[in-house]
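Notes follow the structure.
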Amino acid sequence: MKNKVARLIGFIIIVFVVSDLHAADMRRIKNENLLFDTSVALKKTITKKISGNINFYRSQLKDLKQQRTLNRQLKDERLIIKKIFNAYGFYDAVIHSVIVNTDKKIALLQMDQFNDFLIQSNRSEAFLFKKKGYRIAYQFKLGKVYRIKKLEFNGVLELAGIDKVLIELYTEGALRAQNVLDAFELIKLNIAQNQCFVEGKLTYDVQLDTKKNEADIEFNYDETFSSFFKSDDVVGLSSINNEWLIAQMGLKRNKCLNKSKINNAILKLYATNLLARVSYTLEKAPAKNGTQSVIIHLNVIERKHRTIAAGGGLSTSQGAYLSGSWQHRNVFEKAEQINVESFVGSFEQLVSSEMIIPRIKFYDFGLSLRSQLHRFSKDENVDFEWVNKISLFKKINKYTVYNGSLKLSTKLKIQDKIEQQALNQLYFPNFITWDERDDIVNSTHGIYVQAGVTPVWDIKNMKVGFIDYHWVTKGFYTFKYPLPITLALKYEGQIIDVKQASLLPADERLYLGGGSDMRGFAFESINANENGGVHSSVFSFETRFRMSETIGFVAFYDVGYLIEGVNTQTNTDTGLNTTKNWYSAAGVGFRYYTSFFPIRVDVALPIQVFDVETAKYQFYISIGQSY
């Protein structure tokens with residue numbers, strides 16, 4: 001009697017799974033109704049983890065449309081449970097799959113007897129599951145818990161941080177597989193970051209004493225020789241300056257390196273946009289004073305440095321147009337760029353040239369020189385603009401970039417082919433950008449913030465014409481269950497501080513409407529009584545549903561306002577008109593995700609309209625998300 005009671009206490013039923021047996025496939029097990037009959041202590045640890053892992057395994061089978069026999073699936077699930085028990089220190093746990101009558105709460109037979117039972121009873125697999133009260137369950141008997149007796153690390157001497165990892169593992173007391181694996185990864189990371197070994201093998205060994213329930217753990221690292229960058233040149237260069245390229249990597253010759261530093265150097269080489277492939281090889285160097293080392297050789301393949309592009313299209317705002325460009329990415333062997341672009345449309349023509357020097361010596365700034373000639377004609381009015389711009393930019397850290405410029409703009413306006421107005425202005429744009437988005441084309445996580453101020457000096461009157469303040473904030477967060485849902489928010493604002501209307505060119509005034517701000521309104525149709533505005537704010541909210549790898553849907557809402565500001569029909573100081581009218585629009589969109597970028601199709605309908613008489617639904621097609 002005592003043996004029967006002890007056996008009944010030793011076996012605990014922890015997982016009950018209701019079978020979901022379809023007519024065509026009676027062997028699939030349903031995920032819902034996982035019941036646990038176990039102790040409170042185990043419910044908080046093992047039970048929850050078992051439930052999550054088994055459900056994940058079954059959802060994978062369903063998503064991948066993989067079929068398993070009942071015995072095969074239950075065997076896989078027993079292995080999953082076994083690994084979880086090992087992770088918590090129960091290395092000798094015994095697990096059985098059983099058929100259970102839930103009314104009587106007793107096991108009828110183990111699964112290895114299941115097929116014999118079906119043959120003898122002349123029944124199919126569906127018999128027990130169709131009959132009310134029968135379930136699949138697991139019986140287990142927890143094994144021994146081993147205490148850690150000895151903990152050693154053999155290999156690299158004086159490795160900073162290893163003692164702390166070992167102490168934390170030892171204080172756990174019980175041997176848990178997950179803790180050993182975590183310690184293994186921490187030691188591996190520590191070696192990669194702090195030691196000058198390119199290659200090496202880290203292993204661990206666990207010896208169990210079944211009589212005393214004790215465990216000895218050893219971590220062993222078989223390191224290679226110290227590694228150095230001693231090569232005088234990079235193999236594969238033809239038109240790139242060798243010393244400049246080595247400087248980009250930040251590697252110092254004859255300094256001990258580790259694999260992490262080498263990988264970071266390779267990423268910096270790719271960032272120059274000049275190389276198609278980068279790899280390295282190791283060469284054993286002659287031993288000196290009994291010390292052996294290896295030399296790192298870098299091997300590269302250069303990209304083609306010249307690119308020609310041409311295109312054309314049809315735009316609702318520009319009509320038919322043609323475009324072309326030519327680029328040279330390595331003019332003087334140090335990644336200096338020359339870009340020439342042209343645009344010819346029905347109303348607008350543009351030609352520009354730009355030279356970019358990515359790195360100049362003082363303060364490690366980059367330099368850009370740009371000249372642009374722009375003509376815009378509509379009805380009887382013609383605008384000419386010649387812009388010369390010099391910019392300095394610096395990457396402050398991984399996410400932050402500063403950009404400061406000096407721009408000279410010469411504008412000539414001809415109205416009704418008679419009246420002319422000339423403006424000569426100096427611009428001083430200053431922008432700082434923080435960008436930690438995971439993808440600039442299709443962001444799912446991260447934050448983007450940009451703030452800038454642009455004082456504009458009127459050369460003719462020798463005074464400040466106006467000051468432009470501009471800021472943008474974007475945030476993205478994705479929930480992955482039950483399907484990927486991305487919440488995307490954007491706030492963009494701009495204020496132009498101007499006292500005299502004549503000093504504010506028409507093309508500097510603010511307008512709203514279009515696919516990048518107020519969707520649902522035609523391009524720049526929100527124009528503050530046709531005078532443009534001096535203060536605008538736009539809030540955008542999007543919910544992006546990713547239905548599959550290629551298909552997605554979007555629901556969005558845009559709301560904003562535009563303040564007219566000065567009376568631009570006169571040239572006198574008239575003060576500010578602070579009337580704030582809100583505009584809003586909502587819509588839905590479709591996304592087709594390619595391997596490079598999403599294709600966007602949006603339809604938006606204006607809600608709050610006010611003075612926009614022609615407002616109606618708008619349709620947008622483009623590459624990438626709206627922001």
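Each chain in the structure tokens gets a letter, A, B and so on, in the order shown; residues start at 1 in every chain, and ligands are counted from 1 in the order they appear.
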* Surrounding residues of Leu74 (chain A) excluding itself and chain neighbours under 2 positions, 10 Å, only C-alpha atoms, as a PyMOL selection string -> chain A and resi 29+68-72+76-80+96-98+111+136-138
* **Nearby residues (only C-alpha atoms) at most 12 Å from Ile526 (chain A), same-chain spacing under 4 positions excluded, as a VMD selection string** => chain A and resid 509 to 514 517 to 522 530 to 533 536 560 to 564 581 to 584 606 608 to 615
* Asked: Which residues, written as a ChimeraX atom specification, have at least one atom at most 7 Å from region 387-392 of chain A, with only C-alpha atoms counted and residues fewer than 4 positions away on the same chain left out?
  -> /A:365-373,403-410
Atoms to include: C-alpha atoms. Write the selected residues as a PDB file, in the first residue's frame.
ATOM      1  CA  PHE A 365      34.699  67.363 -40.344  1.00  0.00           C
ATOM      2  CA  GLY A 366      33.312  66.542 -43.759  1.00  0.00           C
ATOM      3  CA  LEU A 367      32.920  69.233 -46.432  1.00  0.00           C
ATOM      4  CA  SER A 368      30.342  69.707 -49.186  1.00  0.00           C
ATOM      5  CA  LEU A 369      30.373  72.320 -51.991  1.00  0.00           C
ATOM      6  CA  ARG A 370      27.207  72.688 -54.067  1.00  0.00           C
ATOM      7  CA  SER A 371      26.080  74.980 -56.877  1.00  0.00           C
ATOM      8  CA  GLN A 372      22.557  74.880 -58.303  1.00  0.00           C
ATOM      9  CA  LEU A 373      20.681  76.762 -61.015  1.00  0.00           C
ATOM     10  CA  ASN A 403      25.411  69.757 -40.235  1.00  0.00           C
ATOM     11  CA  GLY A 404      26.177  73.453 -40.607  1.00  0.00           C
ATOM     12  CA  SER A 405      26.086  75.418 -43.880  1.00  0.00           C
ATOM     13  CA  LEU A 406      26.616  78.767 -45.534  1.00  0.00           C
ATOM     14  CA  LYS A 407      24.379  79.351 -48.557  1.00  0.00           C
ATOM     15  CA  LEU A 408      24.276  82.321 -50.920  1.00  0.00           C
ATOM     16  CA  SER A 409      20.985  82.578 -52.821  1.00  0.00           C
ATOM     17  CA  THR A 410      20.393  84.974 -55.708  1.00  0.00           C
TER      18      THR A 410
END
* Asked: Which residues in region 218-409 of chain A does DSSP call strand (DSSP E or B)? List them as a count of residues only.
  -> 115
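Using only C-alpha atoms, the shortest contact distance between Ser377 (chain A) and any of A:Phe347, A:Phe428, A:Phe90, A:Tyr399 is found at A:Phe347.
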* **Exercise: Ile81 (chain A) partners within 9 Å, only C-alpha atoms, chain neighbours under 5 positions left out, as a ChimeraX atom specification** => /A:46,49-50,53-54,76,86,95
* **Residue neighbourhood Thr272 (chain A), 10 Å, only C-alpha atoms, exclusion window fewer than 5 positions, as a PyMOL selection string** => chain A and resi 245+248+267+329-330+334-335+358
Dump as a short mmCIF file (atom, residue, chain, number, x, y, z; two decimals), in the first residue's frame, selection limited to all heavy atoms:
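Result file is selection_16.cif:
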data_model
loop_
_atom_site.label_atom_id
_atom_site.label_comp_id
_atom_site.auth_asym_id
_atom_site.auth_seq_id
_atom_site.Cartn_x
_atom_site.Cartn_y
_atom_site.Cartn_z
N LEU A 245 42.83 54.69 -46.37
CA LEU A 245 41.90 53.62 -46.06
C LEU A 245 42.22 52.99 -44.70
O LEU A 245 41.31 52.68 -43.92
CB LEU A 245 41.97 52.55 -47.16
CG LEU A 245 40.80 51.54 -47.17
CD1 LEU A 245 39.51 52.26 -47.52
CD2 LEU A 245 41.07 50.42 -48.16
N GLN A 248 40.85 55.05 -41.97
CA GLN A 248 39.42 54.92 -41.76
C GLN A 248 39.10 53.78 -40.80
O GLN A 248 38.12 53.83 -40.06
CB GLN A 248 38.70 54.67 -43.10
CG GLN A 248 38.93 55.72 -44.16
CD GLN A 248 38.66 57.10 -43.66
OE1 GLN A 248 37.57 57.44 -43.23
NE2 GLN A 248 39.70 57.94 -43.68
N LEU A 267 33.54 46.96 -40.86
CA LEU A 267 32.30 47.73 -41.05
C LEU A 267 32.61 49.17 -41.45
O LEU A 267 31.91 49.77 -42.28
CB LEU A 267 31.47 47.71 -39.77
CG LEU A 267 30.84 46.37 -39.38
CD1 LEU A 267 30.11 46.49 -38.04
CD2 LEU A 267 29.87 45.90 -40.46
N ARG A 329 32.66 58.51 -57.19
CA ARG A 329 32.75 58.37 -55.75
C ARG A 329 34.18 58.40 -55.21
O ARG A 329 34.37 58.31 -53.99
CB ARG A 329 32.08 57.05 -55.31
CG ARG A 329 30.57 57.06 -55.41
CD ARG A 329 30.00 55.78 -54.86
NE ARG A 329 30.32 54.66 -55.73
CZ ARG A 329 29.58 54.28 -56.77
NH1 ARG A 329 28.49 54.97 -57.06
NH2 ARG A 329 29.92 53.26 -57.52
N ASN A 330 35.19 58.50 -56.08
CA ASN A 330 36.57 58.45 -55.59
C ASN A 330 37.48 59.26 -56.53
O ASN A 330 38.34 58.73 -57.21
CB ASN A 330 37.04 57.00 -55.51
CG ASN A 330 38.36 56.86 -54.79
OD1 ASN A 330 38.60 57.52 -53.80
ND2 ASN A 330 39.22 55.98 -55.28
N LYS A 334 40.53 59.36 -52.12
CA LYS A 334 40.18 59.38 -50.71
C LYS A 334 38.67 59.57 -50.52
O LYS A 334 38.22 60.31 -49.63
CB LYS A 334 40.94 60.49 -49.97
CG LYS A 334 42.45 60.28 -49.97
CD LYS A 334 43.15 61.39 -49.21
CE LYS A 334 44.67 61.19 -49.23
NZ LYS A 334 45.38 62.27 -48.50
N ALA A 335 37.88 58.95 -51.39
CA ALA A 335 36.41 58.95 -51.32
C ALA A 335 35.80 60.32 -51.57
O ALA A 335 34.66 60.56 -51.18
CB ALA A 335 35.93 58.38 -49.98
N PRO A 358 34.67 63.76 -47.67
CA PRO A 358 34.11 63.16 -46.46
C PRO A 358 34.91 63.42 -45.20
O PRO A 358 34.38 63.29 -44.10
CB PRO A 358 34.09 61.66 -46.79
CG PRO A 358 35.13 61.49 -47.83
CD PRO A 358 35.14 62.75 -48.63
#
* Of the candidates A:Arg437, A:Lys580, A:Arg375, A:Lys616, which shows the shortest atom-to-atom distance to Ser525 (chain A), using only C-alpha atoms? ->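 Answer, going by the shortest atom-to-atom distance: A:Lys616.
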* Which one of A:Ser325, A:Ile396, A:Phe332, A:Tyr221 sits closest to Ser353 (chain A) if you count only C-alpha atoms? -> A:Ser325
* Asn442 (chain A) surroundings by only C-alpha atoms, 8 Å radius, close-in-sequence under 3 positions cut, as a VMD selection string -> chain A and resid 439 597 to 598 624 to 625
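The nearest approach to Ala183 (chain A) among the residues A:Ser342, A:Ser352, A:Thr203, A:Ser548, with only C-alpha atoms taken into account, belongs to A:Thr203.
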